[in-house]
Each structure stands twice: as structure tokens, then as C-alpha cells.
Amino acid sequence: MQVLSVASECAPLVKTGGLADVVGALPAALAAQGVTMRTLLPGYPAVMKALKDPKVVSTEPALFGGSARLLAATVAGLDLLVIDAPHLFDRPGSIYLGPDGRDWPDNPERFAALSWIAAKIGSNGIDGWRADILHCHDWQAGLVPEYLHGMGGTGKVGTILTIHNIAFHGLADPHKMAALKLSPYRYTADGFEFWGRISALKAGLVGADRLTTVSPTYAAELMTDAFGMGLDGVMRARRGVVSGIINGIDEVVWNPATDPAIAPYKTPKDKLKNRADLRAEFDLPDAPGPLCAVVSRLTEQKGLDLLLEALPTLIGRGGQLVLLGSGDAWLEQAWRAAARDPNIAVRIGYDEGLSHRIIAGADAILVPSRFEPCGLTQLYGLRYGTVPVVALTGGLADTVISASPAALAVGVATGLQFHPVTTDALSGALSHLCDLFAQPETWQTLQTNAMRQPVGWGPSARAYAALYQDTIPKR
Ligand code: ADP
Ligand code: GLC
């Protein structure tokens, strides 16, 4: 089974969020299932720099405004195909945003190029290699089925679109139709038209053979108007081909027993040295309550404005908070201001090593998201015995067993969930957290249960492999 994974991010080369972790982890997870996966990526500076002795496997004299080469190379165990197109990808700073903090104006063309090359490989193969399946991720790869159709490639290769976040539609003005090599005949309500604009995501939702998303609960939520972001009708229409497959985490990178960034530990008791180190790193005093953590993008999705309002409950009960994040300016500012409290430490920025020290050192990890397709930091928390306190939504609902009296009594609880996603409910959960933390035996049971919960790729890799098998066209 040969699969081409098509994505705009891939750890460890280029990452803005969990999409990169998943795209980077899938090849190894699926190799164990007998799947050979190559990954097609844009040639951003960070990706180009990582390539050693790449092989030129094809050239494109005219790829959305300039010439390009397709390069093949192995980096960090990943079998990569990289689009070297300087006019589209050789830019400093963020991969999605220009220096003004807004989307690059030619983002539609940049990721159309990614989808175009993927469709071409799906239709004709490349350098003697053929894909059975094109596994497309998010809107950046959404146009693949549409281009495949135009190239006469439909039926030669199976197509799967994974929705990591339906909030990003990949919209373009219809005057770009020709520039994006799209057929105006398919610019309809049943096609890729969305409220008078071209939607790359919708093109994928209507055109891919199968759709997946990154948790079963999010798969169901996407069909409701509260979560579907205007695409719930499309999701309902395609209900029969949708599945939810929960993400795993990289259990080598996130292993408290061997993590080089921390004082390694195997039991909750031995974790405490990391808490002391974290307090020292951030000049936090000792405190009687739980040391809570957040590692997150700072956007509306993540509900961290609600946490700002709920902080008095946590701090009032002797708790503390460390936050590492970056994102929207208003949230960065509000969190910087919150850090005036001596029990609140805030680091605005992106820091992989620090994220490990925080997850290891904290007692609890907070994820109060308004919606969360899967979420990874609560999974890191489970593995590190750092009790997750999460909103009851998406993947957060699927990965945490809340400490209700019944779940505590039968000894299965791994964290806390709250609902609805409001300041009041979050404050209630934080208060409950402080109660549990004050009962050392109960607390340790929670931590031990959390550390035992499977969070690896095993079952999900099997689910993807079975889906690929099911989606291969009968040639
Ligand atoms: P999303 O993809 O919506 O941002 P996820 O929980 O799926 O949410 O994944 C976020 C990933 O990015 C995790 O690996 C998390 O540790 C990492 N991350 C987020 N913010 C930071 C940061 N400021 N520094 C380091 N890692 C971060
Ligand atoms: C998206 C989602 C997040 C998910 C990640 C990886 O960024 O916001 O919930 O974990 O993709 O699938």
C-alpha cells in the first residue's frame, strides 16, 4: 500500500500546531501496518534547508506564476517530496502570514500549487512511483479531488481528506477562478462555491472519496450548526463516508521516563522534582494548591479568555498557573497583564523544550477550548501524570474520563471535564481540581490512571490502514 500524504506542515521541519505533529507521526505509525507513506510538502526555507542531496524528480515550467522543481529526499526518517517553488514558498517568517500579520494574499495560489502537484502525482505517478491513496490534510490540500477530476485522474487513486480544523476554509475571491485553474462549471452550491467565494476546503469535502476528522466526537459535532462553521450541511450530506479517528502522540518524543528536557520519572511521586524546577525557572513561590499549566496557541478557539476570568478561583484556592503561548495580540496582552500576579507566570513565544518542562512540572494541564477537533496537550498531560482539566468537546471529550464520584469510585477517572464552556463552569472545575488535589490518595490515583491510559498511535494507525484499504480504487 502506497500513500502520499499531502500537507502544509510536518514536524519536526515546520510546525504551527498539532497538524504538524500528526503529519510527522503518521508515516512511522503506518509503517507498522505495512503502509509506505511519502509526504508532499511546500519548500519553505526551513524545509529546503533540511534537505541533504535531494534528487530532482520533475520540473514544472509554470506552476502558479513561476517555475518549480519537485525534489525527493529523506529527512528525519520521513520520505519527502518537496515543491521547490521560490516564488510561492521562499519567504521569511510565518508560513501562512505576511509581515503585517495577515494571510499572504496569494495563499490560494500557494496551496493550489501543493494540491495541483499532488493530483498530478496521483494521476501519473512520479519517477516510477505510484500512490494508491492521496491522504489530504485540511484546506491546503482541499483542491486535490477537484484537480484530479480535471486531469482525468479520478478513479486512478483513492482520495481521503482529513479535517483537522473546520474553522479554516481556504477562501478565495471568484475572480481567481482562472488563476487557480478551476472550472467555473463546478462553482456551484454542490461544488466548491461557498457564499459567493471559492472554498478549497469545501472542494475537498464534496470531492474526496472519504472524509475523516481527528476524533469521533468532532465528527458528530461537525454535522451540527453549532460546530460546522457553515459546512454542517455538507458534512451531513456526506455522513456515510465520514469517520472520526483520534490522534495519537509520539511516545518517543513524549516519554517522561526518557525525556532529555526534564528530570525523568516513572511515577507521580518522582515527578515532583520537575515541579520544583519549574517554580524556580519562573520565580514562583511555593503554594498549597495545584500548579496548573497551559501550552497553546492564543486564539478564540482555545477559550483562554475564559481562563483569565476564572483565575481568581484558582489563585484564591492557593493554586498557580504557568502559560506558554503565542497568537492573537489582544490575548497576548491580556496574559502579560495577568502575569503581574506573583502566582501567575506567562511566557509569550514558541518554545518546544519549555513545553516539555511545563508539562512535566505542572500538576494539571488546562484546555478550556470552545471547540477542539482533537487536542494534543491533554494527551501529553495524561502521559506525564499531569491531570487534564478540559472542556467537554471534540477530542477532549473522547480522551479524558472525568472524575465524577462514580468514576472515582470505580477507579477509572483520569482528569476533569466541564460543560458548558463558560467562565462559571470552568471556575467550578478549577475549584473541584483544588478539592481533589487536597486529597493526596485520590490525587495520586488520578495521576496513576492518567499515566496508564494508552495515548499512542496503535489503534488509530490500524484504523487508517483499514480505511486506506477500503478506499483503493478497483483498477
Ligand atoms: P492546535 O493544533 O489547535 O494548536 P493541538 O493541541 O492539537 O492544538 O496541538 C498544539 C501543538 O503545538 C502541541 O504539540 C503543543 O505542545 C504545541 N504548542 C502550542 N503552542 C506552543 C508553544 N507556545 N510552544 C511550544 N509548543 C507549543
Ligand atoms: C488542529 C486542531 C487540534 C488537533 C490538530 C491535529 O490544529 O485544532 O485539535 O489536535 O489539528 O489534528
# chains A, B, ... in the order shown; residues from 1 in each chain; ligands from 1
>>> residues_around(residues="Val35 in chain A", least_positions_apart="2", cutoff="8 Å", atoms="only C-alpha atoms", output="compact mmCIF listing (two decimals) with all heavy atoms, in the first residue's frame")
# COMPACT_ATOMS: atom_id res chain seq x y z
N MET A 1 0.85 -1.20 0.00
CA MET A 1 0.00 0.00 0.00
C MET A 1 0.88 1.24 0.00
O MET A 1 1.73 1.42 0.86
CB MET A 1 -0.85 -0.02 1.27
CG MET A 1 -1.57 1.26 1.55
SD MET A 1 -3.18 1.28 0.83
CE MET A 1 -3.91 -0.04 1.77
N GLN A 2 0.67 2.11 -0.98
CA GLN A 2 1.49 3.32 -1.11
C GLN A 2 0.59 4.54 -0.93
O GLN A 2 -0.38 4.69 -1.67
CB GLN A 2 2.08 3.40 -2.52
CG GLN A 2 2.58 2.10 -3.07
CD GLN A 2 4.05 1.91 -2.79
OE1 GLN A 2 4.67 2.72 -2.09
NE2 GLN A 2 4.61 0.85 -3.32
N VAL A 3 0.95 5.39 0.01
CA VAL A 3 0.12 6.55 0.31
C VAL A 3 0.95 7.82 0.18
O VAL A 3 2.08 7.89 0.67
CB VAL A 3 -0.47 6.44 1.73
CG1 VAL A 3 -1.30 7.68 2.07
CG2 VAL A 3 -1.33 5.18 1.87
N PRO A 27 3.69 8.63 9.13
CA PRO A 27 4.47 7.65 8.36
C PRO A 27 5.02 6.51 9.22
O PRO A 27 4.88 5.34 8.84
CB PRO A 27 5.60 8.50 7.76
CG PRO A 27 5.03 9.87 7.66
CD PRO A 27 4.16 10.02 8.89
N LEU A 30 2.20 4.25 10.49
CA LEU A 30 1.59 3.40 9.47
C LEU A 30 2.55 2.39 8.88
O LEU A 30 2.12 1.36 8.33
CB LEU A 30 0.96 4.28 8.39
CG LEU A 30 -0.38 4.79 8.92
CD1 LEU A 30 -0.80 6.08 8.29
CD2 LEU A 30 -1.46 3.73 8.74
N ALA A 31 3.86 2.66 9.00
CA ALA A 31 4.84 1.68 8.53
C ALA A 31 4.60 0.36 9.25
O ALA A 31 4.68 -0.72 8.65
CB ALA A 31 6.25 2.19 8.77
N ALA A 32 4.26 0.44 10.53
CA ALA A 32 3.99 -0.75 11.32
C ALA A 32 2.77 -1.52 10.79
O ALA A 32 2.57 -2.67 11.15
CB ALA A 32 3.78 -0.35 12.79
N GLN A 33 1.96 -0.86 9.97
CA GLN A 33 0.78 -1.51 9.38
C GLN A 33 1.03 -1.90 7.91
O GLN A 33 0.08 -2.16 7.17
CB GLN A 33 -0.43 -0.56 9.43
CG GLN A 33 -0.80 -0.07 10.82
CD GLN A 33 -1.15 -1.22 11.75
OE1 GLN A 33 -1.80 -2.18 11.35
NE2 GLN A 33 -0.68 -1.14 13.00
N MET A 37 4.44 5.42 3.28
CA MET A 37 3.88 6.77 3.15
C MET A 37 4.96 7.75 2.76
O MET A 37 6.01 7.84 3.41
CB MET A 37 3.23 7.19 4.47
CG MET A 37 2.55 8.54 4.38
SD MET A 37 1.68 8.95 5.91
CE MET A 37 0.09 8.23 5.61
N ALA A 465 -5.11 2.43 8.28
CA ALA A 465 -4.69 1.40 7.32
C ALA A 465 -5.93 0.71 6.73
O ALA A 465 -6.01 0.47 5.52
CB ALA A 465 -3.76 0.39 7.98
>>> residues_near_ligand(ligand="ligand 2", cutoff="6 Å", atoms="only C-alpha atoms and all ligand atoms", output="PyMOL selection string")
chain A and resi 17-19+22+164-165+214+372-376
>>> write_last_selection(atoms="N, CA, C and O atoms", output="PDB file, in the first residue's frame")
ATOM      1  N   GLY A  17       1.148  24.071  14.688  1.00  0.00           N
ATOM      2  CA  GLY A  17       0.200  23.458  15.637  1.00  0.00           C
ATOM      3  C   GLY A  17       0.205  21.949  15.487  1.00  0.00           C
ATOM      4  O   GLY A  17       1.112  21.360  14.882  1.00  0.00           O
ATOM      5  N   GLY A  18      -0.855  21.333  16.024  1.00  0.00           N
ATOM      6  CA  GLY A  18      -0.925  19.879  16.093  1.00  0.00           C
ATOM      7  C   GLY A  18      -0.948  19.180  14.732  1.00  0.00           C
ATOM      8  O   GLY A  18      -0.546  18.017  14.625  1.00  0.00           O
ATOM      9  N   LEU A  19      -1.408  19.885  13.689  1.00  0.00           N
ATOM     10  CA  LEU A  19      -1.396  19.309  12.344  1.00  0.00           C
ATOM     11  C   LEU A  19      -0.002  18.769  12.012  1.00  0.00           C
ATOM     12  O   LEU A  19       0.145  17.659  11.493  1.00  0.00           O
ATOM     13  N   VAL A  22       0.846  15.504  13.769  1.00  0.00           N
ATOM     14  CA  VAL A  22       0.141  14.348  13.223  1.00  0.00           C
ATOM     15  C   VAL A  22       0.749  13.941  11.873  1.00  0.00           C
ATOM     16  O   VAL A  22       1.044  12.762  11.642  1.00  0.00           O
ATOM     17  N   HIS A 164      -8.634  18.674  10.164  1.00  0.00           N
ATOM     18  CA  HIS A 164      -8.020  18.924  11.472  1.00  0.00           C
ATOM     19  C   HIS A 164      -8.687  20.104  12.158  1.00  0.00           C
ATOM     20  O   HIS A 164      -8.600  20.236  13.374  1.00  0.00           O
ATOM     21  N   ASN A 165      -9.293  20.978  11.341  1.00  0.00           N
ATOM     22  CA  ASN A 165      -9.948  22.145  11.922  1.00  0.00           C
ATOM     23  C   ASN A 165     -10.846  22.774  10.872  1.00  0.00           C
ATOM     24  O   ASN A 165     -10.353  23.318   9.889  1.00  0.00           O
ATOM     25  N   VAL A 214     -10.394  14.214  13.394  1.00  0.00           N
ATOM     26  CA  VAL A 214      -9.415  13.670  14.323  1.00  0.00           C
ATOM     27  C   VAL A 214      -9.991  13.227  15.669  1.00  0.00           C
ATOM     28  O   VAL A 214      -9.220  12.978  16.606  1.00  0.00           O
ATOM     29  N   GLU A 372     -12.552  21.768  19.930  1.00  0.00           N
ATOM     30  CA  GLU A 372     -11.218  21.165  19.845  1.00  0.00           C
ATOM     31  C   GLU A 372     -11.301  19.862  19.068  1.00  0.00           C
ATOM     32  O   GLU A 372     -11.713  18.825  19.584  1.00  0.00           O
ATOM     33  N   PRO A 373     -10.928  19.906  17.786  1.00  0.00           N
ATOM     34  CA  PRO A 373     -11.033  18.702  16.955  1.00  0.00           C
ATOM     35  C   PRO A 373     -10.414  17.466  17.625  1.00  0.00           C
ATOM     36  O   PRO A 373     -11.047  16.420  17.697  1.00  0.00           O
ATOM     37  N   CYS A 374      -9.188  17.589  18.113  1.00  0.00           N
ATOM     38  CA  CYS A 374      -8.632  16.502  18.936  1.00  0.00           C
ATOM     39  C   CYS A 374      -7.971  17.105  20.166  1.00  0.00           C
ATOM     40  O   CYS A 374      -8.397  16.909  21.273  1.00  0.00           O
ATOM     41  N   GLY A 375      -6.898  17.873  19.939  1.00  0.00           N
ATOM     42  CA  GLY A 375      -6.104  18.392  21.050  1.00  0.00           C
ATOM     43  C   GLY A 375      -5.014  17.390  21.364  1.00  0.00           C
ATOM     44  O   GLY A 375      -5.259  16.176  21.417  1.00  0.00           O
ATOM     45  N   LEU A 376      -3.813  17.902  21.553  1.00  0.00           N
ATOM     46  CA  LEU A 376      -2.696  17.007  21.876  1.00  0.00           C
ATOM     47  C   LEU A 376      -2.170  17.227  23.289  1.00  0.00           C
ATOM     48  O   LEU A 376      -1.702  16.291  23.931  1.00  0.00           O
TER      49      LEU A 376
END
>>> closest_atom_pairs(of="chain A", to="ligand 1", cutoff="6 Å", atoms="only C-alpha atoms and all ligand atoms", output="tab-separated table")
residue	atom	partner	partner_atom_place_in_ligand_line	distance
A:Gly17	CA	ligand 1	2 (O)	3.8
A:Gly18	CA	ligand 1	9 (O)	3.3
A:Leu19	CA	ligand 1	2 (O)	5.5
A:Val295	CA	ligand 1	20 (N)	5.1
A:Ser296	CA	ligand 1	20 (N)	3.8
A:Arg297	CA	ligand 1	20 (N)	4.7
A:Leu324	CA	ligand 1	23 (N)	5.0
A:Gly325	CA	ligand 1	23 (N)	3.6
A:Ser326	CA	ligand 1	23 (N)	5.3
A:Gly349	CA	ligand 1	23 (N)	5.2
A:Tyr350	CA	ligand 1	24 (N)	3.6
A:Asp351	CA	ligand 1	24 (N)	4.1
A:Glu352	CA	ligand 1	25 (C)	4.3
A:Ser355	CA	ligand 1	25 (C)	5.1
A:Gly375	CA	ligand 1	6 (O)	3.6
A:Leu376	CA	ligand 1	6 (O)	3.8
A:Thr377	CA	ligand 1	6 (O)	4.9
>>> closest_atom_pairs(of="range 112-187 of chain A", to="range 198-208 of chain A", cutoff="12 Å", atoms="only C-alpha atoms", output="Markdown table")
| residue | atom | partner | partner_atom | distance |
| --- | --- | --- | --- | --- |
| A:Ala112 | CA | A:Ala200 | CA | 8.4 |
| A:Leu114 | CA | A:Ala200 | CA | 11.9 |
| A:Ser115 | CA | A:Ala200 | CA | 9.7 |
| A:Ala119 | CA | A:Ala208 | CA | 11.9 |
| A:Ile133 | CA | A:Ala208 | CA | 10.9 |
| A:Leu134 | CA | A:Ala208 | CA | 9.5 |
| A:His135 | CA | A:Ala208 | CA | 9.6 |
| A:Cys136 | CA | A:Gly204 | CA | 8.5 |
| A:His137 | CA | A:Gly204 | CA | 9.6 |
| A:Asp138 | CA | A:Leu201 | CA | 6.7 |
| A:Trp139 | CA | A:Leu201 | CA | 4.2 |
| A:Gln140 | CA | A:Ala200 | CA | 7.2 |
| A:Ala141 | CA | A:Gly204 | CA | 7.7 |
| A:Gly142 | CA | A:Gly204 | CA | 4.2 |
| A:Leu143 | CA | A:Ala200 | CA | 5.4 |
| A:Val144 | CA | A:Gly204 | CA | 6.9 |
| A:Pro145 | CA | A:Gly207 | CA | 5.3 |
| A:Glu146 | CA | A:Ala203 | CA | 6.5 |
| A:Tyr147 | CA | A:Ala203 | CA | 9.8 |
| A:Leu148 | CA | A:Gly207 | CA | 9.6 |
| A:His149 | CA | A:Gly207 | CA | 8.9 |
| A:Gly150 | CA | A:Gly207 | CA | 11.9 |
| A:Thr154 | CA | A:Ala208 | CA | 9.8 |
| A:Gly155 | CA | A:Ala208 | CA | 11.0 |
| A:Val157 | CA | A:Ala208 | CA | 10.7 |
| A:Gly158 | CA | A:Ala208 | CA | 8.1 |
| A:Thr159 | CA | A:Ala208 | CA | 5.2 |
| A:Ile160 | CA | A:Ala208 | CA | 5.6 |
| A:Leu161 | CA | A:Ala208 | CA | 6.1 |
| A:Thr162 | CA | A:Leu205 | CA | 9.2 |
| A:Ile163 | CA | A:Leu201 | CA | 8.7 |
| A:His164 | CA | A:Leu201 | CA | 11.1 |
| A:Asn165 | CA | A:Leu201 | CA | 10.2 |
| A:Ile166 | CA | A:Leu201 | CA | 8.1 |
| A:Ala167 | CA | A:Leu201 | CA | 9.8 |
| A:Phe168 | CA | A:Leu201 | CA | 7.7 |
| A:His169 | CA | A:Leu201 | CA | 5.1 |
| A:Gly170 | CA | A:Ala200 | CA | 5.1 |
| A:Leu171 | CA | A:Ser199 | CA | 4.6 |
| A:Ala172 | CA | A:Ile198 | CA | 5.0 |
| A:Asp173 | CA | A:Ile198 | CA | 6.2 |
| A:Pro174 | CA | A:Ile198 | CA | 5.8 |
| A:His175 | CA | A:Ile198 | CA | 9.3 |
| A:Lys176 | CA | A:Ile198 | CA | 8.5 |
| A:Met177 | CA | A:Ile198 | CA | 7.9 |
| A:Ala178 | CA | A:Ile198 | CA | 11.6 |
| A:Leu180 | CA | A:Ile198 | CA | 9.9 |
| A:Lys181 | CA | A:Ile198 | CA | 11.9 |
| A:Leu182 | CA | A:Ile198 | CA | 9.4 |
| A:Ser183 | CA | A:Ile198 | CA | 11.0 |
| A:Pro184 | CA | A:Ile198 | CA | 10.1 |
| A:Arg186 | CA | A:Ala203 | CA | 9.4 |
| A:Tyr187 | CA | A:Ile198 | CA | 7.4 |
>>> closest_atom_pairs(of="range 416-470 of chain A", to="range 266-274 of chain A", cutoff="12 Å", atoms="only C-alpha atoms", output="JSON lines")
{"residue": "A:Pro440", "atom": "CA", "partner": "A:Lys269", "partner_atom": "CA", "distance": 10.8}
{"residue": "A:Glu441", "atom": "CA", "partner": "A:Pro268", "partner_atom": "CA", "distance": 11.4}
{"residue": "A:Trp443", "atom": "CA", "partner": "A:Pro268", "partner_atom": "CA", "distance": 9.6}
{"residue": "A:Gln444", "atom": "CA", "partner": "A:Pro268", "partner_atom": "CA", "distance": 6.8}
{"residue": "A:Thr445", "atom": "CA", "partner": "A:Pro268", "partner_atom": "CA", "distance": 9.3}
{"residue": "A:Leu446", "atom": "CA", "partner": "A:Pro268", "partner_atom": "CA", "distance": 9.7}
{"residue": "A:Gln447", "atom": "CA", "partner": "A:Pro268", "partner_atom": "CA", "distance": 6.4}
{"residue": "A:Thr448", "atom": "CA", "partner": "A:Pro268", "partner_atom": "CA", "distance": 6.8}
{"residue": "A:Asn449", "atom": "CA", "partner": "A:Pro268", "partner_atom": "CA", "distance": 10.4}
{"residue": "A:Ala450", "atom": "CA", "partner": "A:Pro268", "partner_atom": "CA", "distance": 10.1}
{"residue": "A:Met451", "atom": "CA", "partner": "A:Thr267", "partner_atom": "CA", "distance": 8.4}
{"residue": "A:Arg452", "atom": "CA", "partner": "A:Thr267", "partner_atom": "CA", "distance": 10.5}
>>> write_last_selection(atoms="N, CA and C atoms", output="CSV table (one decimal), in the first residue's frame")
chain,number,residue,atom,x,y,z
A,440,PRO,N,-4.5,13.7,48.9
A,440,PRO,CA,-3.3,13.1,48.3
A,440,PRO,C,-3.6,11.7,47.7
A,441,GLU,N,-4.3,10.8,48.4
A,441,GLU,CA,-4.5,9.5,47.8
A,441,GLU,C,-5.3,9.5,46.5
A,443,TRP,N,-5.7,12.0,44.6
A,443,TRP,CA,-4.9,12.7,43.5
A,443,TRP,C,-3.9,11.7,42.9
A,444,GLN,N,-3.2,11.0,43.7
A,444,GLN,CA,-2.2,10.0,43.1
A,444,GLN,C,-2.9,9.0,42.3
A,445,THR,N,-4.1,8.5,42.7
A,445,THR,CA,-4.8,7.5,41.9
A,445,THR,C,-5.1,8.1,40.5
A,446,LEU,N,-5.6,9.4,40.5
A,446,LEU,CA,-5.9,10.1,39.2
A,446,LEU,C,-4.7,10.1,38.3
A,447,GLN,N,-3.5,10.5,38.9
A,447,GLN,CA,-2.3,10.6,38.2
A,447,GLN,C,-1.9,9.3,37.6
A,448,THR,N,-2.0,8.2,38.5
A,448,THR,CA,-1.6,6.9,38.0
A,448,THR,C,-2.5,6.4,36.9
A,449,ASN,N,-3.8,6.6,37.0
A,449,ASN,CA,-4.7,6.2,36.0
A,449,ASN,C,-4.3,7.0,34.7
A,450,ALA,N,-4.1,8.3,34.8
A,450,ALA,CA,-3.7,9.1,33.6
A,450,ALA,C,-2.5,8.5,32.9
A,451,MET,N,-1.5,8.2,33.7
A,451,MET,CA,-0.2,7.7,33.1
A,451,MET,C,-0.4,6.3,32.4
A,452,ARG,N,-1.4,5.6,32.9
A,452,ARG,CA,-1.7,4.2,32.3
A,452,ARG,C,-2.5,4.3,31.0
>>> closest_residue(among="A:Gln301, A:Gln378, A:Thr16, A:Thr414", to="Ile249 in chain A", atoms="only C-alpha atoms")
A:Gln378
>>> closest_residue(among="A:Gly152, A:Gly316, A:Gly381, A:Gly248", to="Arg357 in chain A", atoms="only C-alpha atoms")
A:Gly381
>>> residues_around(residues="range 358-362 of chain A", least_positions_apart="4", cutoff="8 Å", atoms="only C-alpha atoms", output="compact mmCIF listing (two decimals) with N, CA and C atoms, in the first residue's frame")
# COMPACT_ATOMS: atom_id res chain seq x y z
N PRO A 256 7.97 10.50 29.71
CA PRO A 256 8.55 11.09 30.92
C PRO A 256 9.75 10.30 31.45
N ILE A 262 13.82 17.08 30.78
CA ILE A 262 13.30 17.13 32.16
C ILE A 262 14.12 16.22 33.07
N LYS A 271 7.83 12.75 39.99
CA LYS A 271 7.59 13.89 39.11
C LYS A 271 7.90 15.22 39.82
N LEU A 272 7.86 15.20 41.16
CA LEU A 272 7.88 16.45 41.93
C LEU A 272 9.13 17.30 41.72
N LYS A 273 10.27 16.65 41.44
CA LYS A 273 11.50 17.42 41.19
C LYS A 273 11.26 18.40 40.02
N ASN A 274 10.48 17.96 39.05
CA ASN A 274 10.20 18.83 37.90
C ASN A 274 9.34 20.04 38.29
N ARG A 275 8.46 19.83 39.27
CA ARG A 275 7.65 20.97 39.72
C ARG A 275 8.53 22.01 40.41
N ALA A 276 9.44 21.52 41.23
CA ALA A 276 10.35 22.45 41.91
C ALA A 276 11.19 23.21 40.88
N ASP A 277 11.68 22.48 39.87
CA ASP A 277 12.50 23.13 38.83
C ASP A 277 11.69 24.20 38.08
N LEU A 278 10.42 23.86 37.80
CA LEU A 278 9.58 24.79 37.04
C LEU A 278 9.30 26.06 37.87
N PRO A 290 -2.72 23.36 43.40
CA PRO A 290 -2.10 22.77 42.22
C PRO A 290 -1.43 23.81 41.32
N LEU A 291 -0.28 23.45 40.78
CA LEU A 291 0.39 24.27 39.77
C LEU A 291 -0.18 23.84 38.40
N CYS A 292 -0.93 24.74 37.79
CA CYS A 292 -1.61 24.42 36.53
C CYS A 292 -0.82 24.97 35.35
N ALA A 293 -1.03 24.37 34.18
CA ALA A 293 -0.27 24.79 33.00
C ALA A 293 -1.17 24.93 31.78
N VAL A 322 1.13 28.49 35.02
CA VAL A 322 2.19 28.83 34.06
C VAL A 322 1.58 28.72 32.67
N LEU A 354 10.72 24.19 26.50
CA LEU A 354 9.95 24.70 27.64
C LEU A 354 8.60 23.99 27.74
N TYR A 380 -0.48 14.70 26.17
CA TYR A 380 0.83 14.80 26.82
C TYR A 380 0.64 14.78 28.33
N GLY A 381 -0.37 15.54 28.79
CA GLY A 381 -0.66 15.61 30.22
C GLY A 381 -0.93 14.21 30.79
N TYR A 384 2.19 12.23 31.17
CA TYR A 384 3.13 12.76 32.17
C TYR A 384 2.53 12.83 33.57
N GLY A 385 1.34 12.26 33.75
CA GLY A 385 0.71 12.30 35.08
C GLY A 385 0.32 13.71 35.47
N THR A 386 0.06 14.55 34.47
CA THR A 386 -0.31 15.95 34.68
C THR A 386 -1.81 16.03 34.35
>>> residues_around(residues="Leu231 in chain A", least_positions_apart="3", cutoff="8 Å", atoms="only C-alpha atoms", output="ChimeraX atom specification")
/A:202,222-223,228,234-235
>>> select_by_dssp(residues="range 71-207 of chain A", states="strand (DSSP E or B)", output="ChimeraX atom specification")
/A:71-75,78-84,97,103,126,129,133-137,154,157-163,171-172,193-194,197-199
